[in-house]
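Structure file run30.cif with mmCIF, C-alpha atoms:
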```cif
data_start
#
loop_
_atom_site.label_atom_id
_atom_site.label_comp_id
_atom_site.auth_asym_id
_atom_site.auth_seq_id
_atom_site.Cartn_x
_atom_site.Cartn_y
_atom_site.Cartn_z
CA MET A 1 -1.30 -44.12 -41.44
CA ASN A 2 -0.09 -41.11 -39.51
CA LYS A 3 3.58 -41.03 -38.65
CA PRO A 4 4.32 -40.84 -34.92
CA ASP A 5 5.12 -37.45 -33.51
CA ILE A 6 8.66 -37.09 -32.20
CA ALA A 7 8.36 -35.50 -28.79
CA ALA A 8 9.98 -32.13 -28.37
CA PRO A 9 12.09 -31.58 -25.26
CA GLY A 10 9.91 -31.84 -22.17
CA PRO A 11 8.25 -28.74 -20.74
CA SER A 12 10.26 -26.64 -18.33
CA LEU A 13 9.33 -26.84 -14.66
CA LEU A 14 6.56 -24.55 -13.49
CA SER A 15 7.56 -21.69 -11.25
CA GLU A 16 7.02 -22.02 -7.52
CA GLU A 17 4.18 -19.50 -7.76
CA ASP A 18 2.44 -21.47 -10.52
CA MET A 19 2.77 -24.73 -8.60
CA GLU A 20 1.28 -23.09 -5.51
CA LEU A 21 -1.68 -21.91 -7.61
CA VAL A 22 -2.22 -25.38 -9.11
CA ASP A 23 -1.95 -26.99 -5.67
CA ALA A 24 -4.50 -24.55 -4.26
CA LEU A 25 -6.87 -25.46 -7.09
CA GLN A 26 -6.27 -29.15 -6.45
CA VAL A 27 -7.44 -28.53 -2.89
CA ASN A 28 -10.45 -26.47 -4.03
CA PRO A 29 -10.87 -26.48 -7.84
CA ARG A 30 -13.72 -23.92 -7.83
CA ALA A 31 -12.24 -21.53 -5.28
CA THR A 32 -12.87 -17.87 -6.13
CA TRP A 33 -10.03 -15.61 -7.17
CA ALA A 34 -10.46 -13.80 -3.86
CA GLN A 35 -10.11 -17.06 -1.90
CA LEU A 36 -7.01 -18.00 -3.87
CA SER A 37 -5.58 -14.53 -3.40
CA SER A 38 -5.87 -14.83 0.37
CA VAL A 39 -3.56 -17.87 0.52
CA LEU A 40 -1.19 -16.98 -2.33
CA ASP A 41 -0.46 -13.42 -1.11
CA VAL A 42 -1.10 -11.80 -4.49
CA ASP A 43 -4.09 -9.83 -5.68
CA ALA A 44 -7.05 -11.57 -7.29
CA VAL A 45 -6.39 -10.01 -10.70
CA THR A 46 -2.89 -11.47 -10.76
CA VAL A 47 -4.17 -14.89 -9.71
CA ALA A 48 -6.76 -14.85 -12.50
CA ARG A 49 -4.14 -13.78 -15.04
CA ARG A 50 -1.75 -16.55 -13.99
CA TRP A 51 -4.46 -19.17 -14.26
CA ARG A 52 -5.56 -17.89 -17.66
CA ARG A 53 -1.98 -18.22 -18.93
CA LEU A 54 -1.62 -21.77 -17.58
CA ASN A 55 -5.03 -22.86 -18.83
CA GLU A 56 -4.82 -21.34 -22.30
CA GLY A 57 -1.34 -22.82 -22.72
CA GLY A 58 -2.67 -26.30 -21.94
CA GLN A 59 -0.44 -26.48 -18.86
CA ALA A 60 -3.21 -26.83 -16.26
CA TRP A 61 -6.96 -27.31 -16.26
CA VAL A 62 -9.96 -27.95 -14.02
CA THR A 63 -12.63 -30.46 -14.94
CA ALA A 64 -15.63 -32.16 -13.40
CA ALA A 65 -15.15 -35.80 -12.42
CA LEU A 66 -17.40 -38.61 -11.33
CA GLY A 67 -17.81 -38.44 -7.57
CA PRO A 68 -17.56 -41.42 -5.20
CA ARG A 69 -21.27 -42.28 -5.48
CA GLN A 70 -21.10 -42.44 -9.26
CA GLU A 71 -17.85 -44.41 -9.15
CA HIS A 72 -19.73 -46.90 -7.00
CA THR A 73 -22.86 -46.85 -9.19
CA MET A 74 -21.17 -46.90 -12.59
CA SER A 75 -19.33 -49.87 -14.06
CA MET A 76 -15.62 -49.33 -14.64
CA ALA A 77 -13.15 -51.52 -16.48
CA PHE A 78 -9.40 -51.47 -17.02
CA LEU A 79 -8.50 -52.67 -20.48
CA GLU A 80 -5.34 -54.03 -22.07
CA LEU A 81 -5.24 -53.84 -25.85
CA ASP A 82 -2.93 -55.57 -28.30
CA CYS A 83 -2.77 -53.74 -31.63
CA GLU A 84 -1.71 -54.74 -35.09
CA SER A 85 1.90 -53.90 -35.85
CA GLY A 86 2.30 -50.16 -36.33
CA ALA A 87 -1.35 -49.39 -35.49
CA ALA A 88 -1.10 -48.41 -31.80
CA ILE A 89 -0.88 -44.66 -32.35
CA GLU A 90 -3.80 -44.58 -34.78
CA VAL A 91 -5.90 -46.79 -32.48
CA ALA A 92 -5.09 -44.59 -29.47
CA GLU A 93 -6.09 -41.45 -31.36
CA SER A 94 -9.38 -43.05 -32.39
CA LEU A 95 -10.16 -44.25 -28.89
CA GLY A 96 -9.26 -40.87 -27.43
CA ARG A 97 -12.37 -39.47 -29.12
CA GLU A 98 -14.62 -41.94 -27.28
CA LYS A 99 -16.42 -40.12 -24.45
CA HIS A 100 -16.76 -43.16 -22.18
CA LEU A 101 -13.01 -43.76 -22.11
CA ILE A 102 -11.36 -41.82 -19.28
CA THR A 103 -7.74 -42.77 -19.92
CA VAL A 104 -5.85 -43.86 -23.03
CA GLN A 105 -2.12 -44.49 -22.75
CA HIS A 106 0.68 -46.37 -24.48
CA VAL A 107 2.58 -48.80 -22.27
CA ALA A 108 5.73 -50.89 -22.53
CA GLY A 109 5.17 -54.59 -21.96
CA HIS A 110 3.20 -57.48 -23.39
CA PHE A 111 0.32 -55.26 -24.57
CA ASP A 112 0.21 -51.89 -26.32
CA LEU A 113 -2.52 -49.72 -24.80
CA PHE A 114 -4.03 -49.33 -21.35
CA LEU A 115 -7.55 -47.87 -21.13
CA ILE A 116 -10.04 -46.98 -18.41
CA ALA A 117 -13.67 -47.30 -19.51
CA VAL A 118 -16.79 -46.28 -17.61
CA ALA A 119 -20.43 -47.08 -18.39
CA PRO A 120 -23.83 -46.71 -16.68
CA SER A 121 -24.20 -50.47 -16.12
CA ILE A 122 -22.36 -53.75 -16.43
CA GLN A 123 -24.69 -54.69 -19.29
CA THR A 124 -23.83 -51.56 -21.26
CA LEU A 125 -20.15 -52.06 -20.55
CA SER A 126 -20.33 -55.72 -21.59
CA ASP A 127 -22.04 -54.85 -24.87
CA TYR A 128 -19.20 -52.44 -25.68
CA LEU A 129 -16.42 -54.82 -24.63
CA LEU A 130 -17.86 -57.83 -26.44
CA GLY A 131 -19.43 -56.31 -29.53
CA VAL A 132 -17.76 -53.00 -30.33
CA LEU A 133 -14.18 -52.64 -29.10
CA PRO A 134 -12.84 -55.90 -30.60
CA THR A 135 -14.09 -54.87 -34.06
CA LEU A 136 -12.15 -51.57 -34.11
CA ALA A 137 -9.65 -51.45 -36.95
CA GLY A 138 -6.14 -52.16 -35.69
CA VAL A 139 -7.22 -53.92 -32.48
CA ARG A 140 -5.96 -57.50 -32.28
CA ASN A 141 -6.92 -58.53 -28.75
CA VAL A 142 -8.69 -57.09 -25.69
CA ARG A 143 -8.31 -58.14 -22.06
CA SER A 144 -10.83 -56.69 -19.61
CA HIS A 145 -10.59 -56.29 -15.84
CA ILE A 146 -13.82 -55.22 -14.16
CA ALA A 147 -13.49 -52.94 -11.13
CA THR A 148 -15.27 -54.20 -8.03
CA ARG A 149 -14.25 -51.30 -5.78
CA VAL A 150 -12.78 -47.96 -6.88
CA PHE A 151 -10.73 -46.42 -4.10
CA ASP A 152 -9.74 -43.45 -6.22
CA ALA A 153 -9.58 -42.57 -9.91
CA SER A 154 -6.92 -39.87 -9.70
CA ARG A 155 -9.22 -37.42 -7.90
CA ARG A 156 -7.20 -36.87 -4.73
CA TRP A 157 -3.55 -36.53 -5.72
CA ARG A 158 -1.91 -33.13 -5.18
CA LEU A 159 1.39 -31.39 -5.69
CA ARG A 160 1.53 -30.87 -1.90
CA VAL A 161 3.51 -27.62 -2.03
CA LEU A 162 1.15 -25.44 0.05
CA PRO A 163 1.78 -25.33 3.80
CA PRO A 164 -0.89 -27.19 5.83
CA PRO A 165 -2.42 -24.00 7.32
CA ASP A 166 -3.06 -22.67 3.80
CA VAL A 167 -4.60 -26.00 2.78
CA VAL A 168 -7.04 -25.72 5.67
CA ARG A 169 -7.90 -22.13 4.74
CA ILE A 170 -8.62 -22.87 1.09
CA ALA A 171 -10.36 -26.23 1.49
CA GLU A 172 -14.09 -26.31 0.79
CA THR A 173 -16.35 -27.79 3.41
CA VAL A 174 -19.11 -29.90 1.91
CA GLU A 175 -21.92 -31.35 3.99
CA PRO A 176 -22.58 -34.85 2.61
CA THR A 177 -26.21 -35.57 1.74
CA GLN A 178 -27.72 -39.03 1.44
CA SER A 179 -29.77 -39.45 -1.71
CA THR A 180 -31.16 -42.25 -3.85
CA ARG A 181 -32.16 -39.88 -6.62
CA PRO A 182 -30.29 -40.67 -9.87
CA MET A 183 -28.75 -37.97 -12.03
CA ASP A 184 -31.24 -36.72 -14.62
CA SER A 185 -30.71 -35.12 -18.02
CA LEU A 186 -30.15 -31.65 -16.53
CA ASP A 187 -27.55 -33.00 -14.11
CA ARG A 188 -25.78 -34.70 -16.97
CA SER A 189 -25.82 -31.53 -19.08
CA LEU A 190 -24.25 -29.61 -16.21
CA PHE A 191 -21.67 -32.35 -15.69
CA LEU A 192 -20.68 -32.27 -19.37
CA ALA A 193 -20.40 -28.48 -19.38
CA LEU A 194 -18.21 -28.60 -16.28
CA SER A 195 -16.13 -31.37 -17.85
CA VAL A 196 -15.07 -28.88 -20.52
CA ASP A 197 -14.17 -26.26 -17.90
CA GLY A 198 -14.67 -27.04 -14.25
CA ARG A 199 -14.43 -23.35 -13.35
CA THR A 200 -17.33 -22.28 -15.56
CA SER A 201 -19.37 -19.71 -13.65
CA TYR A 202 -22.98 -20.30 -12.68
CA PRO A 203 -24.30 -17.61 -15.06
CA GLU A 204 -22.42 -19.30 -17.93
CA LEU A 205 -23.68 -22.73 -16.88
CA ALA A 206 -27.24 -21.44 -16.71
CA ALA A 207 -26.97 -20.05 -20.23
CA ARG A 208 -25.60 -23.33 -21.59
CA VAL A 209 -28.31 -25.55 -20.12
CA GLY A 210 -31.18 -23.08 -20.54
CA ARG A 211 -32.03 -22.74 -16.84
CA THR A 212 -31.76 -20.00 -14.24
CA GLU A 213 -28.52 -19.31 -12.43
CA ARG A 214 -30.15 -20.31 -9.15
CA THR A 215 -31.20 -23.67 -10.60
CA ALA A 216 -27.73 -24.34 -11.99
CA GLN A 217 -26.08 -23.52 -8.69
CA ARG A 218 -28.56 -25.58 -6.68
CA ARG A 219 -28.12 -28.61 -8.92
CA VAL A 220 -24.31 -28.48 -8.87
CA THR A 221 -24.27 -28.00 -5.10
CA ARG A 222 -26.54 -31.00 -4.66
CA MET A 223 -24.48 -33.22 -6.98
CA VAL A 224 -21.33 -32.38 -5.03
CA ALA A 225 -23.06 -33.03 -1.70
CA THR A 226 -24.43 -36.42 -2.82
CA GLY A 227 -21.06 -37.51 -4.23
CA ASP A 228 -22.25 -37.61 -7.83
CA VAL A 229 -19.76 -34.99 -8.98
CA THR A 230 -16.41 -33.77 -7.79
CA PHE A 231 -13.78 -31.55 -9.38
CA ARG A 232 -10.12 -32.04 -10.18
CA CYS A 233 -7.28 -29.81 -11.24
CA ASP A 234 -4.56 -31.40 -13.32
CA LEU A 235 -1.50 -30.17 -15.17
CA VAL A 236 1.38 -31.08 -17.46
CA ARG A 237 2.86 -33.54 -15.01
CA PRO A 238 6.49 -33.37 -16.22
CA ALA A 239 6.34 -29.61 -15.59
CA ALA A 240 5.84 -30.42 -11.90
CA GLY A 241 8.65 -32.97 -11.79
CA TRP A 242 6.55 -36.11 -12.42
CA HIS A 243 8.38 -37.40 -15.49
CA ALA A 244 7.14 -41.00 -15.59
CA SER A 245 4.26 -43.23 -14.58
CA ALA A 246 3.49 -46.92 -14.35
CA VAL A 247 0.65 -49.43 -14.10
CA LEU A 248 0.98 -52.14 -11.46
CA TRP A 249 -1.09 -55.27 -10.93
CA LEU A 250 -1.08 -56.61 -7.37
CA GLU A 251 -2.26 -59.81 -5.75
CA VAL A 252 -3.77 -59.12 -2.34
CA PRO A 253 -5.54 -61.48 0.09
CA ASP A 254 -9.23 -60.66 -0.21
CA HIS A 255 -9.59 -59.80 3.48
CA LEU A 256 -6.82 -57.17 3.09
CA ILE A 257 -8.11 -55.47 -0.07
CA GLU A 258 -9.93 -52.63 1.72
CA GLU A 259 -7.11 -51.99 4.18
CA THR A 260 -4.46 -52.02 1.45
CA GLY A 261 -6.41 -49.80 -0.94
CA GLN A 262 -7.10 -47.21 1.75
CA ALA A 263 -3.45 -47.19 2.84
CA LEU A 264 -2.23 -46.65 -0.73
CA LEU A 265 -4.38 -43.53 -1.05
CA ALA A 266 -1.96 -41.78 1.31
CA TRP A 267 1.04 -42.42 -0.95
CA PRO A 268 1.94 -39.31 -3.01
CA GLN A 269 2.68 -41.53 -6.02
CA THR A 270 -0.82 -43.06 -6.14
CA ARG A 271 -3.04 -41.93 -8.99
CA THR A 272 -5.67 -44.65 -9.50
CA CYS A 273 -6.32 -47.52 -7.13
CA ALA A 274 -9.09 -50.08 -7.58
CA ALA A 275 -9.98 -53.64 -6.68
CA VAL A 276 -10.71 -55.81 -9.71
CA ALA A 277 -12.12 -59.26 -10.38
CA GLY A 278 -9.24 -61.59 -11.11
CA ALA A 279 -6.14 -63.26 -9.71
CA SER A 280 -4.38 -59.90 -9.84
CA ASN A 281 -7.06 -58.20 -7.80
CA LEU A 282 -5.72 -54.70 -7.16
CA LEU A 283 -4.80 -52.17 -9.84
CA LEU A 284 -2.45 -49.35 -8.93
CA THR A 285 -1.29 -46.57 -11.25
CA VAL A 286 1.51 -44.39 -9.95
CA GLY A 287 3.34 -41.21 -10.83
CA LEU A 288 7.13 -41.27 -10.65
CA ARG A 289 9.81 -38.58 -10.61
CA ALA A 290 11.93 -40.81 -12.86
CA VAL A 291 11.73 -44.27 -14.41
CA SER A 292 14.37 -45.48 -11.95
CA GLU A 293 11.99 -44.86 -9.03
CA LEU A 294 9.82 -47.82 -10.01
CA HIS A 295 12.12 -50.38 -8.38
CA SER A 296 12.28 -48.52 -5.06
CA LEU A 297 8.49 -48.13 -5.09
CA VAL A 298 7.99 -51.86 -5.66
CA THR A 299 10.44 -52.57 -2.85
CA ARG A 300 8.49 -50.24 -0.57
CA LEU A 301 5.26 -52.02 -1.51
CA SER A 302 6.76 -55.36 -0.53
CA GLU A 303 8.08 -54.00 2.75
CA SER A 304 4.90 -52.11 3.67
CA PHE A 305 2.50 -54.91 2.67
CA PRO A 306 4.22 -58.28 3.24
CA ASN A 307 1.10 -60.16 2.08
CA VAL A 308 0.94 -58.30 -1.22
CA ARG A 309 2.65 -59.57 -4.36
CA VAL A 310 3.43 -57.41 -7.40
CA VAL A 311 2.32 -59.62 -10.29
CA ASP A 312 3.04 -57.31 -13.22
CA ARG A 313 4.22 -53.79 -13.97
CA HIS A 314 4.24 -51.62 -17.09
CA MET A 315 5.89 -48.27 -17.68
CA VAL A 316 3.73 -45.69 -19.46
CA LEU A 317 5.31 -44.53 -22.71
CA ARG A 318 2.85 -41.80 -23.57
CA GLN A 319 -0.47 -40.50 -22.29
CA THR A 320 -2.94 -39.79 -25.10
CA LYS A 321 -5.95 -38.95 -22.94
CA LEU A 322 -6.32 -38.03 -19.29
CA TYR A 323 -9.81 -37.66 -17.83
CA GLY A 324 -11.25 -35.99 -20.91
CA ARG A 325 -8.16 -34.04 -21.94
CA LEU A 326 -6.32 -34.98 -25.12
CA LEU A 327 -2.59 -34.59 -24.56
CA ASP A 328 0.33 -34.01 -26.89
CA ALA A 329 3.61 -35.92 -26.60
CA SER A 330 4.86 -33.56 -23.88
CA GLY A 331 1.68 -33.87 -21.78
CA ARG A 332 0.04 -30.54 -22.66
CA ALA A 333 -3.72 -30.45 -23.11
CA VAL A 334 -4.54 -29.84 -26.76
CA GLY A 335 -8.22 -30.80 -26.84
CA VAL A 336 -11.23 -31.79 -24.78
CA VAL A 337 -13.46 -34.86 -25.07
CA PRO A 338 -15.78 -34.56 -22.05
CA VAL A 339 -16.13 -37.74 -20.01
CA ASP A 340 -19.66 -38.99 -20.75
CA PRO A 341 -20.43 -42.51 -19.52
CA TRP A 342 -23.99 -42.16 -20.82
CA SER A 343 -22.79 -41.76 -24.42
CA LEU A 344 -22.91 -45.55 -24.88
CA LEU A 345 -26.66 -45.43 -24.21
CA ASP A 346 -27.06 -42.65 -26.77
CA HIS A 347 -25.45 -44.88 -29.41
CA GLY A 348 -27.51 -47.92 -28.55
CA VAL A 349 -24.66 -49.89 -27.06
#
```
Target encoding structure tokens, full file:
Amino acid sequence: MNKPDIAAPGPSLLSEEDMELVDALQVNPRATWAQLSSVLDVDAVTVARRWRRLNEGGQAWVTAALGPRQEHTMSMAFLELDCESGAAIEVAESLGREKHLITVQHVAGHFDLFLIAVAPSIQTLSDYLLGVLPTLAGVRNVRSHIATRVFDASRRWRLRVLPPPDVVRIAETVEPTQSTRPMDSLDRSLFLALSVDGRTSYPELAARVGRTERTAQRRVTRMVATGDVTFRCDLVRPAAGWHASAVLWLEVPDHLIEETGQALLAWPQTRTCAAVAGASNLLLTVGLRAVSELHSLVTRLSESFPNVRVVDRHMVLRQTKLYGRLLDASGRAVGVVPVDPWSLLDHGV
């Protein structure tokens, strides 16, 4: 069994200029260098060089993510795993290679690992949860919580360092399009390519999927407009001052679920928020500047939502995987396992 890595001192804080660049890309992950240059007051070549340094160093990255329509169409589950003594790290590393698992993290509390799984259907998800995951070596017990409404899966959070006028200037305007057409194999191929690098150019995308540049651009534009695909920029969170995170389980009166979930999206600490089937019917994952902030956040929850009860809370010890990025002990990206909910179908699950 592999020995656990001892984390080196945390990464130093990003410079103000780097945080402005990351924030601009969180607003518009596929903005051109020229667009970014116009709000950052540096030339496009310098912007591109800064991003290359951050990206190649595993400090920041852009990836495709499931859009709101797919989050509604897909089946998502939040999983709590108990592991055999001493097996949690090995189990987490194994699960990190699974393409249908968005998040893998170690937590402190009465279970060892917290996972987010996504699948094309409840049947496919059930087959995995009942017949595959419990048989994994080192896994002792699995508790599943099925999402009934995903408010956000860490798509919207930002560093919030850019002034509002610059946010307006850099933001992309997308005209929503109603569609009942499901994603086909070409759409999925484009999604997987963009999961590796969300800033891949259209000529490069076209070459990877064997289609014309015009076709690649048209398909991506349509997927964004229909809400099938969105993009996210993330980074080594401690390098931006977010040194801790936690998973909270809330009990909310059913008639207040929508109102509460929507309100929590405005909190800068919110990362993932979803209604789930169960007595604890709202999951909330939060970023924190320090571990000590958890108590003040729980107090604020109680004061802001008098009808909401915090049932359970778990501090995150280490993040192994974050939306397709494998992370080291300090939070740097050291590998890519593209999010692929359809991979369960490919393996007959």
Discussion item. To one decimal place in Å, what is the distance between CA of Asp18 (chain A) and CA of Pro338 (chain A)?
Written reply: 25.2 Å
Fill in: Residues within 10 Å of Ala279 (chain A), only C-alpha atoms, excluding chain neighbours under 5 positions, as a list of chain:residue names
A:Trp249, A:Leu250, A:Glu251, A:Val252, A:Pro253, A:Val311
Fill in: Coordinates-based distance that separates CA of Gly96 (chain A) from CA of Leu235 (chain A) (Å, one decimal)
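Between CA of Leu235 (chain A) and CA of Gly96 (chain A) the gap is 18.0 Å.
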Fill in: Target residues per the PyMOL selection byres ((chain A and resi 227) around 12), formatted as number ranges by chain
A: 64-73, 174-183, 220-226, 228-231
Item to complete: Carefully work through the PyMOL selection byres ((chain A and resi 62) around 6) for this structure and note down the residues it includes, as JSON, numbers by chain.
Response: {"A": [61, 63, 197, 198, 232, 233]}
Fill in: Contacts of region 236-244 of chain A at 12 Å (all atoms listed in the file; same-chain gap of 3+ positions) as a ChimeraX atom specification
/A:9-20,22-23,54-55,57-61,107,157-161,233,247,268-271,285-294,314-319,322,325-334
Discussion item. Ranking A:Thr320, A:Thr215, A:Thr148, A:Ser296 by minimum distance to Asn281 (chain A) and counting only C-alpha atoms, which one comes first?
Written reply: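 Closest candidate: A:Thr148.
Nearest residue to Met76 (chain A) among A:Ile146, A:Leu133, A:Val196, A:Ala34 is A:Ile146, counting only C-alpha atoms.
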Worksheet entry | Given only C-alpha atoms as the counted atoms, nearest of A:Asn307, A:Ser144, A:Thr299, A:Gln217 to Asp82 (chain A) | A:Ser144
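For the residues A:Glu213, A:Asp346, A:Asp166, A:Asp184, ranking by smallest atom-to-atom distance to Leu40 (chain A) using only C-alpha atoms places A:Asp166 first.
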Worksheet item: Between CA of Gly131 (chain A) and CA of Ala88 (chain A), what is the spacing in Å?
Response: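 Computed distance, CA of Ala88 (chain A) to CA of Gly131 (chain A), equals 20.1 Å.
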Practice prompt. Report the residues retrieved by the PyMOL selection byres ((chain A and resi 341) around 10) from the displayed file, expressed as a PyMOL selection string.
Written response: chain A and resi 66+74-76+98-102+117-121+124-125+188+338-340+342-346
